[in-house]
$ cat protein_16.csv   # CSV, C-alpha atoms
chain,number,residue,atom,x,y,z
J,82,MET,CA,76.2,-38.2,15.6
J,83,TRP,CA,74.0,-38.9,12.6
J,84,GLY,CA,71.4,-36.4,13.9
J,85,THR,CA,74.1,-33.8,14.3
J,86,VAL,CA,75.2,-34.3,10.7
J,87,ARG,CA,71.7,-34.1,9.3
J,88,LEU,CA,71.0,-31.0,11.3
J,89,SER,CA,74.1,-29.3,10.0
J,90,THR,CA,73.2,-30.3,6.4
J,91,LEU,CA,69.7,-28.9,6.7
J,92,LEU,CA,71.0,-25.7,8.2
J,93,ALA,CA,73.5,-25.2,5.4
J,94,VAL,CA,70.8,-25.7,2.8
J,95,ALA,CA,68.5,-23.3,4.5
J,96,LEU,CA,71.2,-20.6,4.7
J,97,THR,CA,72.0,-21.1,1.1
J,98,GLY,CA,68.4,-20.5,0.1
J,99,VAL,CA,68.2,-17.4,2.3
J,100,SER,CA,71.4,-16.1,0.8
J,101,GLY,CA,70.0,-16.6,-2.7
J,102,GLU,CA,66.8,-14.7,-1.9
J,103,ILE,CA,68.8,-11.8,-0.4
J,104,ALA,CA,71.0,-11.7,-3.5
J,105,ARG,CA,68.0,-11.6,-5.8
J,106,ALA,CA,66.2,-9.0,-3.7
J,107,GLU,CA,69.3,-6.8,-4.0
J,108,VAL,CA,69.1,-6.7,-7.8
J,109,VAL,CA,65.3,-6.6,-8.1
J,110,ALA,CA,64.6,-3.8,-5.7
J,111,ASP,CA,65.7,-0.9,-7.9
J,112,ALA,CA,65.9,-2.3,-11.4
J,113,THR,CA,64.4,0.5,-13.6
J,114,PRO,CA,63.4,1.0,-17.2
J,115,SER,CA,65.4,3.4,-19.2
J,116,GLU,CA,65.6,4.9,-22.7
J,117,THR,CA,64.3,1.8,-24.5
J,118,GLY,CA,62.1,0.6,-21.6
J,119,SER,CA,64.2,-2.4,-20.9
J,120,THR,CA,65.4,-2.7,-17.3
J,121,VAL,CA,69.0,-1.6,-17.4
J,122,LEU,CA,71.6,0.6,-15.7
J,123,TYR,CA,70.8,3.4,-18.1
J,124,ARG,CA,72.2,2.9,-21.6
J,125,MET,CA,73.0,-0.8,-21.2
J,126,SER,CA,70.6,-3.6,-20.7
J,127,THR,CA,70.9,-6.3,-18.0
J,128,VAL,CA,69.0,-9.4,-17.0
J,129,ASP,CA,68.7,-8.3,-13.4
J,130,GLY,CA,65.1,-8.1,-12.2
J,131,VAL,CA,63.6,-10.2,-14.9
J,132,GLY,CA,61.1,-12.6,-13.4
J,133,ALA,CA,60.3,-10.5,-10.3
J,134,GLN,CA,56.6,-10.3,-11.3
J,135,VAL,CA,56.7,-6.5,-11.4
J,136,ILE,CA,55.4,-3.9,-13.7
J,137,ARG,CA,57.8,-0.8,-13.7
J,138,LEU,CA,56.7,2.6,-15.1
J,139,ALA,CA,59.2,5.4,-15.4
J,140,ALA,CA,59.5,9.0,-16.7
J,141,PHE,CA,62.8,10.6,-17.9
J,142,GLY,CA,64.1,13.9,-19.0
J,143,GLU,CA,67.3,14.4,-21.0
J,144,LEU,CA,69.3,17.5,-22.0
J,145,ALA,CA,72.2,17.9,-24.4
J,146,ARG,CA,73.7,21.3,-25.5
J,147,SER,CA,76.9,22.0,-27.5
J,148,THR,CA,78.7,24.5,-29.7
J,149,ASN,CA,80.7,23.9,-32.8
J,150,LEU,CA,79.2,20.4,-33.1
J,151,LEU,CA,78.0,20.3,-36.7
J,152,VAL,CA,79.3,23.6,-38.3
J,153,LEU,CA,81.5,26.4,-37.1
J,154,ASN,CA,80.1,28.4,-34.2
J,155,ASP,CA,76.7,26.7,-34.3
J,156,VAL,CA,74.7,25.9,-31.1
J,157,ASP,CA,72.9,22.6,-30.9
J,158,THR,CA,70.3,21.7,-28.3
J,159,ARG,CA,68.3,18.6,-27.7
J,160,VAL,CA,65.6,18.0,-25.0
J,161,ILE,CA,64.0,14.6,-24.7
J,162,THR,CA,61.1,13.4,-22.6
J,163,ARG,CA,60.4,9.7,-22.2
J,164,LEU,CA,57.7,7.5,-20.8
J,165,THR,CA,58.8,3.9,-20.4
J,166,GLY,CA,57.5,0.6,-19.0
J,167,ALA,CA,58.6,-3.0,-18.5
J,168,ALA,CA,56.5,-6.0,-17.4
J,169,ASP,CA,57.6,-9.5,-16.4
J,170,PHE,CA,56.0,-12.5,-18.0
J,171,GLY,CA,56.6,-15.7,-16.1
J,172,ARG,CA,59.9,-16.3,-14.5
J,173,ARG,CA,62.3,-15.7,-17.4
J,174,ALA,CA,60.8,-13.1,-19.8
J,175,GLU,CA,60.2,-9.3,-19.9
J,176,LEU,CA,58.4,-7.1,-22.4
J,177,PHE,CA,59.3,-3.4,-22.6
J,178,ALA,CA,58.3,-0.2,-24.4
J,179,SER,CA,59.3,3.4,-24.5
J,180,PHE,CA,57.7,6.5,-26.0
J,181,SER,CA,60.1,9.4,-26.5
J,182,PHE,CA,59.6,12.9,-27.8
J,183,SER,CA,62.6,15.0,-28.6
J,184,TYR,CA,62.9,18.7,-29.5
J,185,ASN,CA,66.1,19.5,-31.5
J,186,ARG,CA,67.4,23.0,-32.4
J,187,ASP,CA,70.4,24.0,-34.5
J,188,ASP,CA,71.4,27.7,-34.6
J,189,GLN,CA,73.9,28.5,-37.4
J,190,PRO,CA,75.3,32.1,-37.3
J,191,VAL,CA,75.5,33.9,-40.6
J,192,PRO,CA,77.7,37.0,-40.9
J,193,ALA,CA,75.7,40.2,-41.3
J,194,ALA,CA,72.5,38.3,-41.5
J,195,PRO,CA,70.0,36.5,-39.2
J,196,SER,CA,71.0,33.1,-38.0
J,197,ILE,CA,69.8,30.0,-39.7
J,198,VAL,CA,67.6,28.2,-37.2
J,199,GLN,CA,66.5,24.6,-37.8
J,200,THR,CA,64.2,22.8,-35.4
J,201,ALA,CA,62.6,19.3,-35.4
J,202,LEU,CA,60.2,17.5,-33.2
J,203,VAL,CA,60.9,13.7,-33.3
J,204,PRO,CA,58.5,11.2,-31.7
J,205,GLU,CA,59.7,7.6,-31.5
J,206,LEU,CA,58.6,4.3,-30.1
J,207,SER,CA,61.0,1.6,-28.9
J,208,LEU,CA,59.7,-1.9,-27.9
J,209,GLY,CA,61.0,-5.4,-27.5
J,210,ALA,CA,61.5,-8.4,-25.2
J,211,LYS,CA,64.3,-10.1,-23.3
J,212,GLY,CA,64.7,-13.3,-21.5
J,213,VAL,CA,67.0,-15.2,-19.1
J,214,VAL,CA,68.6,-18.3,-20.5
J,215,TRP,CA,70.4,-19.4,-17.4
J,216,ARG,CA,71.2,-18.1,-13.9
J,217,ASN,CA,72.1,-19.0,-10.4
J,218,ASP,CA,72.8,-16.9,-7.3
J,219,ILE,CA,76.0,-15.4,-8.8
J,220,PHE,CA,75.7,-15.4,-12.7
J,221,ALA,CA,72.9,-14.7,-15.2
J,222,ILE,CA,72.9,-15.0,-19.0
J,223,GLY,CA,70.2,-13.9,-21.4
J,224,GLY,CA,69.3,-12.0,-24.6
J,225,GLU,CA,67.3,-9.1,-25.9
J,226,LEU,CA,65.6,-8.2,-29.1
J,227,GLY,CA,64.2,-4.8,-29.9
J,228,ALA,CA,63.0,-2.3,-32.5
J,229,ARG,CA,63.0,1.5,-32.8
J,230,VAL,CA,60.0,2.8,-34.7
J,231,PRO,CA,59.8,6.4,-35.9
J,232,LEU,CA,56.4,7.9,-35.5
J,233,SER,CA,56.7,10.7,-38.0
J,234,GLY,CA,58.2,11.2,-41.5
J,235,PRO,CA,58.3,9.1,-44.6
J,236,ALA,CA,59.8,5.7,-45.4
J,237,LEU,CA,57.9,3.6,-43.0
J,238,PRO,CA,58.3,0.7,-42.4
J,239,ALA,CA,61.7,0.7,-44.1
J,240,ALA,CA,63.0,3.3,-41.5
J,241,VAL,CA,62.4,0.9,-38.6
J,242,SER,CA,65.7,0.0,-36.8
J,243,GLY,CA,66.4,-3.0,-34.6
J,244,TRP,CA,68.9,-4.7,-32.3
J,245,LEU,CA,69.9,-8.1,-31.0
J,246,ASP,CA,72.1,-8.3,-27.8
J,247,ALA,CA,73.5,-11.0,-25.6
J,248,LEU,CA,73.5,-10.1,-21.9
J,249,ALA,CA,75.5,-11.3,-18.9
J,250,SER,CA,75.7,-10.3,-15.2
J,251,ALA,CA,77.7,-11.5,-12.2
J,252,ARG,CA,77.7,-10.7,-8.5
J,253,VAL,CA,81.3,-9.8,-7.7
J,254,LEU,CA,81.0,-8.8,-4.0
J,255,SER,CA,78.2,-9.1,-1.5
J,256,GLY,CA,78.2,-7.8,2.1
J,257,GLN,CA,75.6,-7.1,4.7
J,258,ARG,CA,74.9,-3.6,3.5
J,259,SER,CA,76.7,-3.4,0.2
J,260,SER,CA,77.3,-5.3,-3.0
J,261,LEU,CA,79.0,-5.0,-6.4
J,262,ARG,CA,77.7,-6.4,-9.7
J,263,ALA,CA,79.4,-6.5,-13.1
J,264,HIS,CA,77.5,-6.5,-16.5
J,265,PHE,CA,78.5,-7.1,-20.1
J,266,THR,CA,76.5,-6.8,-23.3
J,267,ILE,CA,77.4,-7.4,-27.0
J,268,GLY,CA,75.2,-7.2,-30.0
J,269,TYR,CA,74.4,-5.7,-33.4
J,270,TYR,CA,72.3,-2.7,-34.2
J,271,ILE,CA,70.6,-2.2,-37.6
J,272,ASP,CA,70.1,1.6,-38.1
J,273,ASN,CA,67.6,2.5,-40.9
J,274,THR,CA,66.9,6.0,-39.7
J,275,LYS,CA,68.6,7.8,-42.6
J,276,LYS,CA,65.9,6.4,-44.9
J,277,GLN,CA,63.7,9.2,-43.5
J,278,LEU,CA,65.9,11.9,-45.0
J,279,ASN,CA,63.4,13.2,-47.6
J,280,VAL,CA,65.3,16.0,-49.3
J,281,ASN,CA,66.3,16.2,-53.0
J,282,ASN,CA,70.1,16.7,-53.4
J,283,PRO,CA,70.7,17.4,-49.7
J,284,SER,CA,73.7,19.5,-48.7
J,285,GLU,CA,76.3,18.4,-46.2
J,286,ALA,CA,74.6,20.7,-43.6
J,287,ASP,CA,71.2,19.1,-44.4
J,288,ILE,CA,72.6,15.6,-43.8
J,289,GLU,CA,74.5,16.5,-40.6
J,290,VAL,CA,71.6,18.3,-39.0
J,291,PHE,CA,69.3,15.4,-39.9
J,292,MET,CA,71.7,12.9,-38.3
J,293,PHE,CA,71.8,15.1,-35.1
J,294,GLU,CA,68.0,15.5,-34.9
J,295,HIS,CA,67.2,11.8,-35.4
J,296,SER,CA,70.3,10.3,-33.8
J,297,ALA,CA,70.9,8.5,-37.2
J,298,GLY,CA,74.0,6.5,-37.5
J,299,PRO,CA,75.4,3.4,-39.3
J,300,ASP,CA,74.7,-0.2,-38.7
J,301,ARG,CA,77.1,-1.2,-35.9
J,302,ILE,CA,78.6,-3.8,-33.6
J,303,ARG,CA,78.3,-2.6,-30.0
J,304,TYR,CA,79.4,-3.8,-26.6
J,305,ALA,CA,79.3,-2.4,-23.1
J,306,LEU,CA,80.8,-3.0,-19.7
J,307,GLY,CA,79.1,-1.9,-16.5
J,308,LEU,CA,79.7,-1.9,-12.8
J,309,GLU,CA,76.9,-1.3,-10.3
J,310,GLY,CA,77.3,-0.9,-6.5
J,311,THR,CA,74.6,-1.0,-3.8
J,312,PHE,CA,74.8,0.7,-0.4
J,313,GLN,CA,72.0,0.4,2.2
J,314,TRP,CA,72.1,3.7,4.0
J,315,GLN,CA,69.0,3.3,6.1
J,316,GLU,CA,66.3,0.7,6.3
J,317,SER,CA,64.3,2.4,3.6
J,318,LEU,CA,67.0,4.2,1.6
J,319,ARG,CA,69.4,2.6,-0.9
J,320,PHE,CA,72.0,4.1,-3.2
J,321,ARG,CA,73.2,2.4,-6.4
J,322,PRO,CA,76.0,4.2,-8.2
J,323,PHE,CA,76.9,2.8,-11.5
J,324,ALA,CA,79.3,3.3,-14.4
J,325,GLU,CA,79.1,2.1,-18.0
J,326,TYR,CA,81.6,2.0,-20.8
J,327,HIS,CA,80.2,1.8,-24.4
J,328,ARG,CA,82.0,1.2,-27.7
J,329,GLU,CA,80.3,1.0,-31.1
J,330,ILE,CA,82.0,0.0,-34.4
J,331,ALA,CA,80.5,1.1,-37.7
J,332,GLU,CA,79.6,-1.5,-40.3
J,333,GLY,CA,78.4,-1.1,-43.9
J,334,THR,CA,79.0,1.9,-46.1
J,335,ARG,CA,80.0,5.4,-45.0
J,336,ASP,CA,78.4,8.4,-46.5
J,337,ASP,CA,80.9,9.7,-49.1
J,338,ARG,CA,79.1,13.0,-49.3
J,339,LEU,CA,80.5,13.8,-45.9
J,340,LEU,CA,84.2,12.9,-46.4
J,341,THR,CA,85.3,16.3,-45.2
J,342,GLU,CA,87.8,15.2,-42.5
J,343,PRO,CA,91.4,14.1,-43.2
J,344,LEU,CA,90.9,11.1,-40.8
J,345,VAL,CA,87.6,9.3,-40.5
J,346,SER,CA,87.0,7.3,-37.4
J,347,ASP,CA,84.7,4.3,-37.8
J,348,TYR,CA,84.1,3.8,-34.1
J,349,GLN,CA,82.9,5.8,-31.1
J,350,HIS,CA,83.0,5.3,-27.3
J,351,TRP,CA,81.8,7.0,-24.2
J,352,LEU,CA,81.2,6.7,-20.5
J,353,THR,CA,77.9,6.9,-18.7
J,354,LEU,CA,77.9,7.7,-14.9
J,355,GLY,CA,74.9,7.7,-12.7
J,356,VAL,CA,73.4,7.1,-9.3
J,357,ARG,CA,70.0,5.6,-8.4
J,358,ALA,CA,68.3,6.1,-5.0
J,359,GLY,CA,65.6,3.7,-3.8
J,360,ILE,CA,63.2,5.3,-1.3
J,361,GLY,CA,61.2,2.6,0.3
J,362,PRO,CA,59.6,-0.1,-1.8
J,363,ARG,CA,57.7,2.2,-4.2
J,364,LEU,CA,60.0,4.9,-5.5
J,365,THR,CA,63.3,5.1,-7.3
J,366,ILE,CA,64.9,8.3,-8.5
J,367,GLU,CA,68.1,8.5,-10.6
J,368,ALA,CA,70.3,11.0,-12.5
J,369,GLY,CA,73.5,10.8,-14.5
J,370,VAL,CA,75.6,12.1,-17.4
J,371,ASP,CA,77.1,10.8,-20.7
J,372,MET,CA,80.7,11.8,-21.3
J,373,PRO,CA,82.2,11.3,-24.8
J,374,ILE,CA,85.7,9.8,-25.4
J,375,ARG,CA,85.7,9.7,-29.2
J,376,SER,CA,83.0,10.3,-31.8
J,377,TYR,CA,82.5,8.8,-35.2
J,378,GLY,CA,83.9,10.7,-38.2
J,379,ILE,CA,81.0,12.6,-39.7
J,380,ALA,CA,80.8,10.3,-42.7
J,381,TRP,CA,79.7,7.5,-40.3
J,382,GLY,CA,77.4,9.2,-37.8
J,383,PRO,CA,76.7,12.3,-35.8
J,384,PRO,CA,79.3,13.5,-33.2
J,385,LEU,CA,78.6,12.9,-29.5
J,386,SER,CA,77.6,15.9,-27.5
J,387,PRO,CA,80.2,17.1,-24.9
J,388,PHE,CA,77.7,16.2,-22.2
J,389,ASP,CA,74.2,14.6,-22.0
J,390,LEU,CA,72.4,15.0,-18.7
J,391,TRP,CA,69.4,12.9,-17.7
J,392,ALA,CA,67.2,12.2,-14.7
J,393,GLY,CA,64.1,10.1,-14.0
J,394,VAL,CA,61.8,8.5,-11.6
J,395,THR,CA,60.4,4.9,-11.5
J,396,VAL,CA,57.4,3.4,-9.7
J,397,PRO,CA,57.0,-0.4,-9.5
J,398,PHE,CA,53.8,-2.4,-9.2
J,399,GLN,CA,53.9,-5.9,-7.9
J,400,THR,CA,51.8,-8.3,-9.9
J,401,SER,CA,52.1,-11.3,-7.5
J,402,ARG,CA,52.7,-11.8,-3.9
J,403,GLY,CA,56.2,-13.1,-4.3
J,404,ALA,CA,59.0,-12.6,-6.6
J,405,GLU,CA,60.7,-15.4,-8.5
J,406,ARG,CA,61.6,-18.5,-6.5

$ encode --input "protein_16.csv" --output "structure tokens"
Amino acid sequence: MWGTVRLSTLLAVALTGVSGEIARAEVVADATPSETGSTVLYRMSTVDGVGAQVIRLAAFGELARSTNLLVLNDVDTRVITRLTGAADFGRRAELFASFSFSYNRDDQPVPAAPSIVQTALVPELSLGAKGVVWRNDIFAIGGELGARVPLSGPALPAAVSGWLDALASARVLSGQRSSLRAHFTIGYYIDNTKKQLNVNNPSEADIEVFMFEHSAGPDRIRYALGLEGTFQWQESLRFRPFAEYHREIAEGTRDDRLLTEPLVSDYQHWLTLGVRAGIGPRLTIEAGVDMPIRSYGIAWGPPLSPFDLWAGVTVPFQTSRGAER
């Protein structure tokens, strides 16, 4: 009788350990860097994958195009390329970085005259670190600190922006070939990008185009909710669709030079939808779109584009024989 009880106890412990490793393998396999380099869904950071002893390198492309965004009948185009990377240090920390290069073009029609065309090439570097404070097989809690550094223009280092976020993730459902995870982030973003505007007595159009080209906005409180599913299609093929909801609330002082709207919104929110496909252990491809719900009033920040398409590929490199235990 005693031997039977001991055998049952040991078997339960063993199965619990196996279940935990499977759960962690689910979230580590396709964790990818994104726009800041931090491992995330795409726009929002998570603590999934931290401590897996992996270096992840990724390349991304992004396209946004719109009309009537800044001035009447204008055409605005943005093309961004990014090289990003994230590396685990120990069991609870990750360092990340991203180099981005964006080409921005604003075409403003002028009656009976050639259009006014303004272009800008904007290189930037994002870098930071995040760590896990506490986790088990279901929940994980951590934090992230980062900086956005412009690589051209005046006002350095005053134009460096930064953020501090709290992160939380939870496994909601888990099956043999599928799972569902939920994510939440909340934090504060200090945006100093406008300090690069080096124009004497700028017009409204100068300010609006600059904000569009450099994604310059206000200091802001921001939070995001995310859902991420996993479906194992074949032994070496995994699909991970995900959805993110983002909301940002402006802080500080609005730009009174741009109070041209009868109602000024001090917040913006949007959805990000994407899908990630893991092909074997060495390749992950992904694609998605940002869809605006409401933009800032122009006195607070640039309007959101009607759509923002992106795609990328990630290759991981294992730095130790085993992931975190």

$ atom_distance --input "protein_16.csv" --atom1 "CA of Trp215 (chain J)" --atom2 "CA of Met125 (chain J)"
19.2 Å

$ closest_residue --input "protein_16.csv" --among "J:Asp371, J:Glu175, J:Asp188, J:Glu116" --to "Val290 (chain J)" --atoms "all atoms listed in the file"
J:Asp188

$ atom_distance --input "protein_16.csv" --atom1 "CA of Leu248 (chain J)" --atom2 "CA of Leu261 (chain J)"
17.2 Å

$ closest_residue --input "protein_16.csv" --among "J:Val230, J:Ala221, J:Thr158, J:Ser181" --to "Leu208 (chain J)" --atoms "all atoms listed in the file"
J:Val230

$ residues_around --input "protein_16.csv" --residues "Ile267 (chain J)" --least-positions-apart "3" --cutoff "8 Å" --atoms "only C-alpha atoms" --output "CSV table (one decimal) with C-alpha atoms, in the frame of the given file"
chain,number,residue,atom,x,y,z
J,246,ASP,CA,72.1,-8.3,-27.8
J,247,ALA,CA,73.5,-11.0,-25.6
J,248,LEU,CA,73.5,-10.1,-21.9
J,302,ILE,CA,78.6,-3.8,-33.6
J,303,ARG,CA,78.3,-2.6,-30.0
J,304,TYR,CA,79.4,-3.8,-26.6
J,305,ALA,CA,79.3,-2.4,-23.1

$ atom_distance --input "protein_16.csv" --atom1 "CA of Pro204 (chain J)" --atom2 "CA of Phe180 (chain J)"
7.4 Å

$ residues_around --input "protein_16.csv" --residues "Asn185 (chain J)" --least-positions-apart "2" --cutoff "10 Å" --atoms "only C-alpha atoms" --output "VMD selection string"
chain J and resid 145 to 146 157 to 161 182 to 183 187 199 to 203 290 to 291 293 to 295

$ closest_residue --input "protein_16.csv" --among "J:Arg328, J:Arg186, J:Arg321, J:Arg338" --to "Gly369 (chain J)" --atoms "all atoms listed in the file"
J:Arg321

$ decode --input "protein_16.csv" --residues "region 269-281 of chain J" --atoms "N, CA, C and O atoms" --output "mmCIF file, in the first residue's frame"
data_model
loop_
_atom_site.group_PDB
_atom_site.id
_atom_site.type_symbol
_atom_site.label_atom_id
_atom_site.label_comp_id
_atom_site.auth_asym_id
_atom_site.auth_seq_id
_atom_site.Cartn_x
_atom_site.Cartn_y
_atom_site.Cartn_z
ATOM 1 N N TYR J 269 5.029 53.798 -19.242
ATOM 2 C CA TYR J 269 5.124 55.227 -19.557
ATOM 3 C C TYR J 269 6.218 55.415 -20.595
ATOM 4 O O TYR J 269 7.305 54.826 -20.494
ATOM 5 N N TYR J 270 5.911 56.259 -21.600
ATOM 6 C CA TYR J 270 6.855 56.537 -22.686
ATOM 7 C C TYR J 270 7.183 58.027 -22.673
ATOM 8 O O TYR J 270 6.278 58.873 -22.740
ATOM 9 N N ILE J 271 8.464 58.363 -22.574
ATOM 10 C CA ILE J 271 8.931 59.750 -22.641
ATOM 11 C C ILE J 271 9.423 60.012 -24.056
ATOM 12 O O ILE J 271 10.403 59.410 -24.505
ATOM 13 N N ASP J 272 8.726 60.887 -24.781
ATOM 14 C CA ASP J 272 9.027 61.138 -26.192
ATOM 15 C C ASP J 272 9.675 62.512 -26.348
ATOM 16 O O ASP J 272 9.030 63.547 -26.175
ATOM 17 N N ASN J 273 10.967 62.501 -26.678
ATOM 18 C CA ASN J 273 11.718 63.742 -26.879
ATOM 19 C C ASN J 273 12.020 64.026 -28.349
ATOM 20 O O ASN J 273 12.849 64.881 -28.665
ATOM 21 N N THR J 274 11.346 63.316 -29.254
ATOM 22 C CA THR J 274 11.692 63.397 -30.672
ATOM 23 C C THR J 274 11.514 64.800 -31.239
ATOM 24 O O THR J 274 12.267 65.229 -32.123
ATOM 25 N N LYS J 275 10.509 65.546 -30.755
ATOM 26 C CA LYS J 275 10.255 66.878 -31.312
ATOM 27 C C LYS J 275 11.413 67.847 -31.109
ATOM 28 O O LYS J 275 11.489 68.877 -31.790
ATOM 29 N N LYS J 276 12.314 67.511 -30.205
ATOM 30 C CA LYS J 276 13.459 68.393 -29.990
ATOM 31 C C LYS J 276 14.400 68.411 -31.184
ATOM 32 O O LYS J 276 15.310 69.241 -31.246
ATOM 33 N N GLN J 277 14.178 67.508 -32.140
ATOM 34 C CA GLN J 277 14.991 67.497 -33.358
ATOM 35 C C GLN J 277 14.478 68.455 -34.424
ATOM 36 O O GLN J 277 15.138 68.634 -35.451
ATOM 37 N N LEU J 278 13.311 69.038 -34.218
ATOM 38 C CA LEU J 278 12.758 69.962 -35.209
ATOM 39 C C LEU J 278 13.594 71.239 -35.225
ATOM 40 O O LEU J 278 13.470 72.099 -34.351
ATOM 41 N N ASN J 279 14.445 71.353 -36.225
ATOM 42 C CA ASN J 279 15.428 72.445 -36.289
ATOM 43 C C ASN J 279 15.030 73.436 -37.387
ATOM 44 O O ASN J 279 15.695 73.580 -38.411
ATOM 45 N N VAL J 280 13.871 74.096 -37.183
ATOM 46 C CA VAL J 280 13.369 75.066 -38.156
ATOM 47 C C VAL J 280 12.963 76.334 -37.411
ATOM 48 O O VAL J 280 12.241 76.259 -36.405
ATOM 49 N N ASN J 281 13.421 77.484 -37.886
ATOM 50 C CA ASN J 281 13.008 78.746 -37.278
ATOM 51 C C ASN J 281 11.586 79.088 -37.713
ATOM 52 O O ASN J 281 11.271 79.068 -38.904
#
